Protein chains: 2
Amino acid sequence: MDLKPMFYPESVAVFGSAGERKLANVLINRLLDGGMERVYAINPKGESVRSAKGYTSLNDLPAQDGPAGLAVIAAPAKTVNGILEDCGKTGVKAAVIISSGFSETGNIKGEHELTQTARRYGIRFIGPNCAGMICTHAKLVATLETAPPTGGISLISQSGAMGGSFMALSADDGMGIAKFASYGNGGDLTVLELLRYLKEDPETLVVALYLETVPNGREFMRAVEEVVGVKPVVIVKSGRTDTGQRAALSHTGSMAGADAVCDAALRQCGAIRVDTLHDLFDACKGFATLPPVKGKRLSVITNSGGPGVMTVDRAETIGLLIQETSEAVKASLGAFLPSYAGTRNPIDLTVEGTGEQYEKATETSLAECDAAIALYVGTPYLKAMPVARGLADAAKKSGKPVAAVMQVGADIADSLTYLREEGIPCYESGERAASVLAVMAAYESRRANRSENCLESATPIGDVFGGKKNSLLEPEAMKLLGENGIPVPKFAFAEDEKSAAQAAGDIGYPVVVKVVSPRIIHKSDCGGVALDLKNEDEVRAAFERMKKINGGEGFKGVVIYPMLKMGKEAIIGLSRDPSFGPLVAFGMGGVYTEVLRDITFRVAPVSKKEALEMIGEIKMFPLLRGVRGDAAIDIDSLSETIAAFSRLPLLYPDIAEADLNPVFLYEKGVLAADVRILG
Amino acid sequence: MDLKPMFYPESVAVFGSAGERKLANVLINRLLDGGMERVYAINPKGESVRSAKGYTSLNDLPAQDGPAGLAVIAAPAKTVNGILEDCGKTGVKAAVIISSGFSETGNIKGEHELTQTARRYGIRFIGPNCAGMICTHAKLVATLETAPPTGGISLISQSGAMGGSFMALSADDGMGIAKFASYGNGGDLTVLELLRYLKEDPETLVVALYLETVPNGREFMRAVEEVVGVKPVVIVKSGRTDTGQRAALSHTGSMAGADAVCDAALRQCGAIRVDTLHDLFDACKGFATLPPVKGKRLSVITNSGGPGVMTVDRAETIGLLIQETSEAVKASLGAFLPSYAGTRNPIDLTVEGTGEQYEKATETSLAECDAAIALYVGTPYLKAMPVARGLADAAKKSGKPVAAVMQVGADIADSLTYLREEGIPCYESGERAASVLAVMAAYESRRANRSENCLESATPIGDVFGGKKNSLLEPEAMKLLGENGIPVPKFAFAEDEKSAAQAAGDIGYPVVVKVVSPRIIHKSDCGGVALDLKNEDEVRAAFERMKKINGGEGFKGVVIYPMLKMGKEAIIGLSRDPSFGPLVAFGMGGVYTEVLRDITFRVAPVSKKEALEMIGEIKMFPLLRGVRGDAAIDIDSLSETIAAFSRLPLLYPDIAEADLNPVFLYEKGVLAADVRILG
């Protein structure tokens, strides 16, 4: 998709009253201050602002200038559609609609008009009700938010204010931005198209997202996955709690999905979810600056014990490895460090640590580590600059990622600037640096191990219910399972006593007989399940009893199974999310699910590999692998069953909900012991 | 304890070479820059530094000055004891020993000498191997670390560097410090005495601690609890992970307890544990500034949706309540807010929000909330100052805690200064502000609800083992339990077949018979347990079988119980921690403990109330309270049993380890079904 007119315009026309302190006036000033040379002020009075000449209409622009490259619209809502029309007629191909008063206030019609007009003329726009955009490389600052320095991070934000805060962090820190777009109501361009554009953008090294809602979940997952193959996507998705969701809902007017679903979906497509805006900035800074983190082994170099301990505590808690230094590397370190220095990892240079020692210790330890964090805690009389130089040199020589923490001291400010210029990111604390390296390592690991798409495709076979009913009888459901690769026990459906007896004989005693009736949901509660029947008489008697349940109303017959050997019990469930569509859930049954909520899920369908990941994720996994001398269950077969079951709602799009509860898990094989499928 | 000579000296003598860039030289400069007027430089050359006159010995000080108030010692290790002697002889009562080269390098004898000398002369000292100390109210800056502004936070730090970083945070933020002490090796004053001193110190509003090791756990808990009754204690305890502990160990030379024990102990005595130095600073800032947070109901006022959502997400995740605004308050808000403002909580004033609206909205919402967070996200053209004024006024009028977040904007720096002066703490983000208010609410709640000491006292009764053996036979152990208020089943010990048969008759059939032998640990594995014996013959036969186990070696007899009704099973355990002493653990048995590690513990003994808290803490608690129509178990009786069992190691100090595994839990009552007690 070509968004060049949007991000790289040669000129910008700003619409709206241009008087002192008016929105358009401020926007023109921001554009001029940012370095955009050709800015036009289009307003009813034809007022100019500084070098931006005023006109009353786009038509009045000097012919030799050609059409304006980008329209920035801050005029009243009711005038915006007319302005878009004018843009279309004069050949403007891109617009940023800052004006509010559209779908967010209930004016859906007005927003629809904008979209129609834009389509007619081939205009692409962001907004309405947005905070604007930035393209630092094109000197384009079409927003009221802080103008950041130029760099490699691009941000797409659903909230203008969060975007503004991110830009302010960038300006404070010096770590620069490539592009920023606040898409507001998303009347035309949404996060999907902006994501795909940033994927191709060579100036963007990492994509940051702030989202409150994900309206088109499956498409979003596919878009993220495409980008993630090329560059990392780091996301803050707010609205985690019920109140958070209510708040997100009330200020954006769109539906927020349940957070746990969203969390699973984001992981599934390879997005890196972080908690706060600072975490987002920290992670992006790492990705935009450092070489890939190719493993989890971290080395920590410090001149002070306390911060070293804090750093390794955090690093290990989040899954990085702090291995004790090998004897060989200890010997190398010993060659240039005093005897009282610590060499085990963290490497503690003590307060006497010099720039040269930082350099050599970092380089030496990186021989057996994938990344390093160097901590420097100065006092008013220590010098930071030699340490900064040492670290930059060590990073260059090793070619591996080195992050720094410079705390306190006489020349910290200079050394921070120096390190930034040398491509060493500096963080507030060792803990924060460790968090960044951990997500970077996770990104590389996923990229290296991923061969399949996050959502397999599945061609629909057809309807299950034919629009006529909304649940399957048990034998119908078992049949459907069997046809779709889900292991079910032998079973037979019998409509009369005689065929029940015959079927039981065919299956082999002892058998289980269960009533079949669309009216009965809890079969055991009303005597609708007879276990361990040992002969024909018992089967006939059971049939007769079941026929009379509820006065025989709705009775269709019975289903007969062999008496199954008990196994460990699991639940596999299917449901639908309004944004992400079909979901598949897996957990152990009973108290594990009800009390511990020990359940995991994915957007369906999942591959066998993904199903294996799900199985490994539940807290009770050790029980499946075998504890206390228990044998392991057949995890291979279970994963195939989860994968096959997860395809059902894609193959049969009228399945709304289903569960296998329980699935018996054996040392060899698994069996769906009960099933429920609803439309 | 009087540490006035330490913290409020009228003069300071600094020992050590005073040449340019030498430690003592820097220290003297820090003291003079900090405002200390009478500083003496004591060094072999009698060198002066600026206005600090040089002497070669303490004896040479002008007689009319009297003895020096505080000695700050930065001389070589081998000279320190002599300096202390001189201090003693001339009447100096307090010393800060910065010099290193003592127990941290293995020189335990040298450190012991210092302690002996100090005791002899009644000198109190901090260090050796420490980063010094600060008392802002006395203009005392006896450290190389950054000098902070004056305020109400006092910090005791085991690490000099962490202390220095905390001082630097204070200097950056403007939130001031009362006292700072880095106690290094703790040769004399340790965290215990410093804590008790700060409890009485009127200038200290909140105590911050940074610890890597807690050497005397039970004493520490008592000291913390004393302080917590008067003012909050916030702590960073590092060494959470194994590597963190190893690192803490290597740089301080003392033993770090297992983190989970430490975590439980800190909660038990009322300390507030936080994760990072920034969290520590944030929390202390809240405590030092705000009125008490008397409940969990939080109101969030914002001019921008995104940060509001982020704030309520965090607030609810950590247990604060974000209730929807009542209709009455909505009506009050509606009287001065435009229709498009959000009034549900968060209250969203939108980007048009004025200072007056911030003031009124904050005050109005506080009518039904316990605390408020006001978020202001500016743009380069919004003004922050009116908002700051509005918030300060609202805080004054309501008398309730208001925290602020001021992000981006033209006059942020001024408004931050203004808010600080007005006693409104400002935080980096709404999430961080919410975290602070949550710990403040927890502190108030504990203070309001706590009536008992964290560690009950228990007078030892005597030895169990009499030094002769190290485990009790099962009937001995059951007897001890019974004598100490722990419910046990009827039981009888029988040494021959006949008395076994008779005892079984007395108890009533069916019975259980278990072998009694000090040699047999896993009784069931070798046929040492016979269940459900229905008559005398079966009991006699069982006795005969058991007599022959292991060729009869070690056979003492059998113990006979009634056949117990099965109940839910729990484990209660006792063990000893090197620092915290006896611990009591509680959990459900089997996979819950082994796979889920669903276990909780406390430093023993615990009260019944504390035991109830333990029961409520385990993840499987709903199972005890009754799920799926199951009846609840007798939680009252269980809590009494935990409390009684937890007193055993205090009553019988030679008990090292014990467990009740399982305890059967019934609807009415509980019963210890097996027991093991080791010396």
# chains A, B, ... in the order shown; residues from 1 in each chain; ligands from 1
call {"tool": "select_by_dssp", "arguments": {"residues": "region 239-350 of chain B", "states": "helix (DSSP H, G or I)", "output": "ChimeraX atom specification"}}
result
/B:242-252,259-269,277-289,305-317,327-334
call {"tool": "interface_residues", "arguments": {"of": "chain B", "to": "chain A", "cutoff": "7 Å", "atoms": "only C-alpha atoms", "output": "JSON, numbers by chain"}}
result
{"B": [144, 145, 146, 159, 161, 162, 165, 168, 238, 239, 240, 241, 243, 244, 247, 248, 251, 304, 305, 306, 307, 309, 310, 312, 313, 316, 322, 346, 377, 379, 380, 407, 408, 595, 596, 619, 620, 622]}
call {"tool": "atom_distance", "arguments": {"atom1": "CA of His522 (chain A)", "atom2": "CA of Leu678 (chain A)"}}
result
14.9 Å
call {"tool": "closest_residue", "arguments": {"among": "A:Ala118, A:Ala672, A:Cys262, A:Ala138", "to": "Pro487 (chain A)", "atoms": "only C-alpha atoms"}}
result
A:Ala672
call {"tool": "closest_residue", "arguments": {"among": "A:Phe580, A:Gly482, A:Gly573, A:Met385", "to": "Leu266 (chain A)", "atoms": "only C-alpha atoms"}}
result
A:Phe580
call {"tool": "residues_around", "arguments": {"residues": "Glu356 (chain A)", "least_positions_apart": "6", "cutoff": "9 Å", "atoms": "only C-alpha atoms", "output": "VMD selection string"}}
result
chain A and resid 386 to 387 389 to 391
call {"tool": "write_last_selection", "arguments": {"atoms": "C-alpha atoms", "output": "short mmCIF file (atom, residue, chain, number, x, y, z; two decimals), in the first residue's frame"}}
result
data_model
loop_
_atom_site.label_atom_id
_atom_site.label_comp_id
_atom_site.auth_asym_id
_atom_site.auth_seq_id
_atom_site.Cartn_x
_atom_site.Cartn_y
_atom_site.Cartn_z
CA PRO A 386 35.88 6.46 30.64
CA VAL A 387 33.36 3.75 31.56
CA ARG A 389 33.97 4.69 26.29
CA GLY A 390 34.98 1.28 27.54
CA LEU A 391 31.47 -0.08 27.07
#
call {"tool": "select_by_dssp", "arguments": {"residues": "region 340-462 of chain B", "states": "strand (DSSP E)", "output": "number ranges by chain"}}
result
B: 347-348, 371-377, 402-407
call {"tool": "closest_residue", "arguments": {"among": "A:Ile560, A:Ala328, A:Ala395, A:Ala94", "to": "Pro5 (chain A)", "atoms": "only C-alpha atoms"}}
result
A:Ala94
call {"tool": "residues_around", "arguments": {"residues": "region 192-207 of chain B", "least_positions_apart": "2", "cutoff": "7 Å", "atoms": "only C-alpha atoms", "output": "NGL selection string"}}
result
:B and (1 or 152-155 or 178 or 189-190 or 209 or 220 or 223 or 227 or 230-234 or 284 or 287-288)
call {"tool": "residues_around", "arguments": {"residues": "Cys130 (chain B)", "least_positions_apart": "5", "cutoff": "9 Å", "atoms": "only C-alpha atoms", "output": "list in words"}}
result
Val96, Ile97, Ile98, Ser99, Ser100, Gln158, Ser159, Gly160, Ala181, Ser182, Tyr183, Gly184, Asn185 and Gly186 of chain B
call {"tool": "write_last_selection", "arguments": {"atoms": "N, CA and C atoms", "output": "PDB file, in the first residue's frame"}}
result
ATOM      1  N   VAL B  96      32.020   7.065  62.417  1.00  0.00           N
ATOM      2  CA  VAL B  96      31.603   6.460  61.155  1.00  0.00           C
ATOM      3  C   VAL B  96      32.862   5.900  60.529  1.00  0.00           C
ATOM      4  N   ILE B  97      32.920   4.565  60.389  1.00  0.00           N
ATOM      5  CA  ILE B  97      34.147   3.963  59.869  1.00  0.00           C
ATOM      6  C   ILE B  97      33.945   3.574  58.405  1.00  0.00           C
ATOM      7  N   ILE B  98      34.450   4.421  57.525  1.00  0.00           N
ATOM      8  CA  ILE B  98      34.314   4.210  56.086  1.00  0.00           C
ATOM      9  C   ILE B  98      35.327   3.149  55.625  1.00  0.00           C
ATOM     10  N   SER B  99      36.463   3.124  56.270  1.00  0.00           N
ATOM     11  CA  SER B  99      37.562   2.237  55.870  1.00  0.00           C
ATOM     12  C   SER B  99      37.094   0.806  55.647  1.00  0.00           C
ATOM     13  N   SER B 100      37.638   0.160  54.618  1.00  0.00           N
ATOM     14  CA  SER B 100      37.331  -1.252  54.398  1.00  0.00           C
ATOM     15  C   SER B 100      38.548  -2.083  54.751  1.00  0.00           C
ATOM     16  N   GLN B 158      22.022  -1.488  53.458  1.00  0.00           N
ATOM     17  CA  GLN B 158      23.163  -2.401  53.597  1.00  0.00           C
ATOM     18  C   GLN B 158      24.175  -2.140  52.493  1.00  0.00           C
ATOM     19  N   SER B 159      23.722  -1.578  51.385  1.00  0.00           N
ATOM     20  CA  SER B 159      24.604  -1.290  50.251  1.00  0.00           C
ATOM     21  C   SER B 159      24.802   0.206  50.139  1.00  0.00           C
ATOM     22  N   GLY B 160      26.045   0.626  50.098  1.00  0.00           N
ATOM     23  CA  GLY B 160      26.337   2.038  49.933  1.00  0.00           C
ATOM     24  C   GLY B 160      25.824   2.565  48.609  1.00  0.00           C
ATOM     25  N   ALA B 181      21.793   6.130  56.652  1.00  0.00           N
ATOM     26  CA  ALA B 181      22.939   5.436  57.220  1.00  0.00           C
ATOM     27  C   ALA B 181      23.212   4.169  56.420  1.00  0.00           C
ATOM     28  N   SER B 182      24.445   4.041  55.979  1.00  0.00           N
ATOM     29  CA  SER B 182      24.904   2.817  55.330  1.00  0.00           C
ATOM     30  C   SER B 182      25.732   2.101  56.386  1.00  0.00           C
ATOM     31  N   TYR B 183      25.275   0.939  56.855  1.00  0.00           N
ATOM     32  CA  TYR B 183      25.957   0.358  58.020  1.00  0.00           C
ATOM     33  C   TYR B 183      27.038  -0.667  57.688  1.00  0.00           C
ATOM     34  N   GLY B 184      27.263  -0.887  56.405  1.00  0.00           N
ATOM     35  CA  GLY B 184      28.397  -1.724  55.998  1.00  0.00           C
ATOM     36  C   GLY B 184      28.405  -3.070  56.695  1.00  0.00           C
ATOM     37  N   ASN B 185      29.521  -3.421  57.316  1.00  0.00           N
ATOM     38  CA  ASN B 185      29.639  -4.728  57.962  1.00  0.00           C
ATOM     39  C   ASN B 185      28.845  -4.818  59.278  1.00  0.00           C
ATOM     40  N   GLY B 186      28.372  -3.687  59.766  1.00  0.00           N
ATOM     41  CA  GLY B 186      27.584  -3.712  61.004  1.00  0.00           C
ATOM     42  C   GLY B 186      28.387  -4.155  62.215  1.00  0.00           C
TER      43      GLY B 186
END
call {"tool": "closest_residue", "arguments": {"among": "A:Leu32, A:Ala24, A:Ala673, A:Ala142", "to": "Ala74 (chain A)", "atoms": "only C-alpha atoms"}}
result
A:Ala24
